[in-house]
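Visitor: Here it is, the structure in full.
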Amino acid sequence: MRNLNFRTVMASAALGSALVAGLATSGVALAQGYPSKAINYILPFNAGGESDISARFQQSVFKKIAGQEVVIQYMAGAGGAQAWSQLNTMPNDGYTIMGINLPHTVLQPLQKDVGYQTDELTPVHYFHYTPDAIFVTKDSPYNTLNDLIDYAKKNPGAVTLSGSGSNSSNNLAQVRFDEMAGIKTTYIPFSGTGPAVTAILGKQTVAGFNYAPSGIAHGEKMRMLAVASEKRMPAFPEVPTFRELGFDLVGGAYRGLSVPKSTPEDIRQKLSDIISAINAEPTFKKRMEDGGFVLTDITYKDMPKFMAEKKKEYGAVAAKLGIKKQ
């Protein structure tokens with residue numbers, strides 16, 4: 001009986017080793033042949049926003065780069081949290097990918113229980129950001145950023161700024177800008193970019209902290225005073241950056257791709273490589289830049305450092321917004 005048990009244990013060990021080897025081999029084979037079918041691309045927001053626009057641009061060249069189509073789907077709700085809280089329950093074979101956004105996925109779990117924690121998510125690539133920018137109407141008396149600052153200094157709290165949501169990138173930019181400029185403005189959150197722009201155009205607010213692409217659709221009615229990009233944007237060559245005007249304000253809403261946490265490492269890397277190649281495709285690059293997006297290439301291997309920096313940055317500003325870790 002003892003020998004039988006020994007032989008059984010040895011046989012089981014051999015079988016286990018073979019299974020492990022087989023799984024490893026199949027994983028490599030999967031990565032080498034990946035993707036071999038269409039990929040489901042889930043967006044955690046409604047159609048029509050910046051996330052959707054950029055995903056559609058990616059979709060137009062995805063097959064050219066990866067050899068397969070992507071099928072865009074929507075799972076909107078709770079500012080993205082509804083989708084992100086379900087991501088790790090989804091198939092992990094690389095054929096289900098999801099859009100992911102910053103600062104949302106850092107600030108949401110700090111504010112309340114949203115069904116996920118920042119470190120439970122697995123971003124594999126951040127491919128662009130839409131810079132924050134200050135807008136006024138074309139007939140506004142504030143022709144420059146300094147004009148607006150001068151008024152704000154003389155009238156604390158009187159300058160109202162619309163923005164896309166509370167504790168969003170727009171909100172963070174407003175808090176940081178107030179501190180840098182030594183002023184006090186009043187942030188008015190709206191449910192999205194569209195309503196926030198409508199508030200500016202309808203003069204419900206003095207100005208707005210919104211995303212630069214809003215200047216494409218509404219450039220005839222709004223004037224952009226400054227943009228939070230590192231250098232002047234091709235779509236708005238006449239608009240100065242905050243840095244040019246003496247304020248070290250760079251950033252916006254970062255968008256990328258994430259996968260379920262059990263997705264194999266080689267698939268994560270392959271996806272990152274595909275997105276890098278898409279970002280470098282000339283037609284795609286021009287469409288994005290003309291649309292007011294700033295391309296980034298934060299790859300999977302760069303992700304730990306990037307996320308550590310962003311968590312520190314957003315965490316510091318979150319305290320000023322009154323957000324306390326739950």
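Here, A, B, ... name the chains of the structure tokens in the order displayed, residue numbers run from 1 inside each chain, and ligands are numbered from 1 in the same displayed order.
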Can you tell me, as a list in words, what residues are no more than 12 Å from stretch 150-157 of chain A when counting only C-alpha atoms, ignoring any on the same chain fewer than 6 positions away?
Guide: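 So the residues in contact are Pro141, Tyr142, Asn143, Thr144, Phe177, Asp178, Glu179, Ala181, Gly182, Ile183, Lys184, Thr185, Thr186, Tyr187, Ile188, Thr205, Val206 and Ala207 of chain A.
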Visitor: Using only C-alpha atoms, what does the table of stretch 52-102 of chain A residues within 9 Å of stretch 270-275 of chain A look like, with each row giving the shortest atom pair and its distance in Å to one decimal, sorted by chain and ascending number, as a Markdown table?
Guide:
| residue | atom | partner | partner_atom | distance |
| --- | --- | --- | --- | --- |
| A:Gln58 | CA | A:Ile275 | CA | 8.5 |
| A:Phe62 | CA | A:Ile274 | CA | 8.2 |
| A:Ile65 | CA | A:Ile274 | CA | 6.8 |
| A:Ala66 | CA | A:Ile274 | CA | 6.4 |
| A:Gly94 | CA | A:Leu271 | CA | 8.1 |
Visitor: Stretch 154-290 of chain A: which residues are strand (DSSP E or B) by DSSP, as an MDAnalysis selection string?
Guide: chainID A and resid 160:164 186:190 207:211 222:227 241 252:259
Visitor: Find the residue from A:Arg232, A:Lys301, A:His218, A:Lys203 that sits nearest to A:Glu265; use only C-alpha atoms when measuring.
Guide: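 Ranked by minimum distance to A:Glu265, first place goes to A:Lys301.
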Visitor: Write out, as a tab-separated table, each residue of stretch 176-199 of chain A that has an atom at most 9 Å from stretch 208-216 of chain A, together with the closest pair of atoms and their distance in Å to one decimal, counting only C-alpha atoms, rows going by chain and rising number.
Guide:
residue	atom	partner	partner_atom	distance
A:Tyr187	CA	A:Gly208	CA	8.5
A:Ile188	CA	A:Gly208	CA	8.7
A:Thr193	CA	A:Asn210	CA	6.9
A:Gly194	CA	A:Ser214	CA	8.6
A:Ala196	CA	A:Gly208	CA	7.3
A:Val197	CA	A:Gly208	CA	7.4
A:Ala199	CA	A:Gly208	CA	8.1
Visitor: Please run DSSP on the backbone and report, as a ChimeraX atom specification, all residues within stretch 124-175 of chain A that come out as helix (DSSP H, G or I).
Guide: /A:145-154,169-175
Visitor: Generate a file of the selected residues that holds N, CA and C atoms, formatted as a tab-separated table (two decimals), in the first residue's frame.
Guide:
chain	number	residue	atom	x	y	z
A	145	LEU	N	-5.24	85.17	-19.63
A	145	LEU	CA	-5.31	84.53	-18.32
A	145	LEU	C	-5.04	85.53	-17.22
A	146	ASN	N	-4.13	86.45	-17.45
A	146	ASN	CA	-3.83	87.47	-16.44
A	146	ASN	C	-5.03	88.36	-16.16
A	147	ASP	N	-5.84	88.63	-17.19
A	147	ASP	CA	-7.06	89.42	-16.98
A	147	ASP	C	-7.97	88.72	-15.98
A	148	LEU	N	-8.12	87.41	-16.16
A	148	LEU	CA	-8.99	86.63	-15.28
A	148	LEU	C	-8.43	86.57	-13.86
A	149	ILE	N	-7.11	86.40	-13.78
A	149	ILE	CA	-6.46	86.33	-12.46
A	149	ILE	C	-6.61	87.66	-11.72
A	150	ASP	N	-6.42	88.77	-12.43
A	150	ASP	CA	-6.54	90.08	-11.79
A	150	ASP	C	-7.93	90.28	-11.21
A	151	TYR	N	-8.94	89.88	-11.96
A	151	TYR	CA	-10.32	90.02	-11.48
A	151	TYR	C	-10.56	89.12	-10.27
A	152	ALA	N	-10.04	87.89	-10.33
A	152	ALA	CA	-10.22	86.94	-9.24
A	152	ALA	C	-9.54	87.43	-7.95
A	153	LYS	N	-8.42	88.08	-8.09
A	153	LYS	CA	-7.72	88.59	-6.91
A	153	LYS	C	-8.51	89.71	-6.23
A	154	LYS	N	-9.18	90.51	-7.06
A	154	LYS	CA	-9.95	91.63	-6.51
A	154	LYS	C	-11.33	91.17	-6.01
A	169	SER	N	-10.42	65.57	-13.17
A	169	SER	CA	-9.21	66.27	-13.56
A	169	SER	C	-9.45	67.77	-13.62
A	170	ASN	N	-10.62	68.18	-14.15
A	170	ASN	CA	-10.95	69.61	-14.19
A	170	ASN	C	-10.95	70.21	-12.79
A	171	ASN	N	-11.54	69.51	-11.83
A	171	ASN	CA	-11.61	69.97	-10.45
A	171	ASN	C	-10.22	70.05	-9.83
A	172	LEU	N	-9.40	69.03	-10.09
A	172	LEU	CA	-8.03	69.04	-9.59
A	172	LEU	C	-7.25	70.22	-10.14
A	173	ALA	N	-7.43	70.48	-11.44
A	173	ALA	CA	-6.71	71.58	-12.08
A	173	ALA	C	-7.12	72.92	-11.46
A	174	GLN	N	-8.42	73.07	-11.18
A	174	GLN	CA	-8.90	74.31	-10.56
A	174	GLN	C	-8.27	74.53	-9.19
A	175	VAL	N	-8.20	73.47	-8.40
A	175	VAL	CA	-7.61	73.58	-7.06
A	175	VAL	C	-6.14	73.93	-7.14
Visitor: So how far away is atom CA of A:Leu107 from atom CA of A:Ala76, in Å?
Guide: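 Atom CA of A:Ala76 sits 17.8 Å away from atom CA of A:Leu107.
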Visitor: Looking at A:Gly315, A:Pro237, A:Gly67, A:Gly79, which one is nearest to A:Ser164, with distances taken over only C-alpha atoms?
Guide: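 The shortest atom-to-atom distance to A:Ser164 comes from A:Gly79.
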Visitor: Which is closer to A:Met303 than all the others in A:Ile200, A:Val124, A:Leu43, A:Leu257, using only C-alpha atoms?
Guide: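 Of A:Ile200, A:Val124, A:Leu43, A:Leu257, the one nearest A:Met303, counting only C-alpha atoms, is A:Val124.
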Visitor: Find the residues around A:Asp93 up to 9 Å (only C-alpha atoms counted), leave out those fewer than 6 positions away in its own chain, and share them as an MDAnalysis selection string.
Guide: chainID A and resid 30 260 262:264 267
Visitor: Go ahead and save the residues from that selection, with C-alpha atoms, as a CSV table (one decimal), in the first residue's frame.
Guide:
chain,number,residue,atom,x,y,z
A,30,LEU,CA,-1.4,32.2,-27.2
A,260,PRO,CA,-8.5,41.5,-15.8
A,262,SER,CA,-5.4,37.2,-14.1
A,263,THR,CA,-4.6,38.0,-17.7
A,264,PRO,CA,-1.2,36.4,-18.6
A,267,ILE,CA,-0.8,39.0,-23.3
Visitor: Can you tell me how far atom CA of A:Leu249 sits from atom CA of A:Met224, in Å to one decimal?
Guide: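 According to the coordinates, atom CA of A:Leu249 and atom CA of A:Met224 are separated by 15.2 Å.
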Visitor: Excluding same-chain residues fewer than 4 positions from A:Thr137, what lies within 6 Å of it counting only C-alpha atoms, as JSON, numbers by chain?
Guide: {"A": [221, 222, 223]}
Visitor: Using only C-alpha atoms, can you tell me which of A:Met98, A:Val227, A:Leu201, A:Tyr129 comes closest to A:Ser162?
Guide: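 Checking each candidate against A:Ser162, we get A:Leu201 as the closest.
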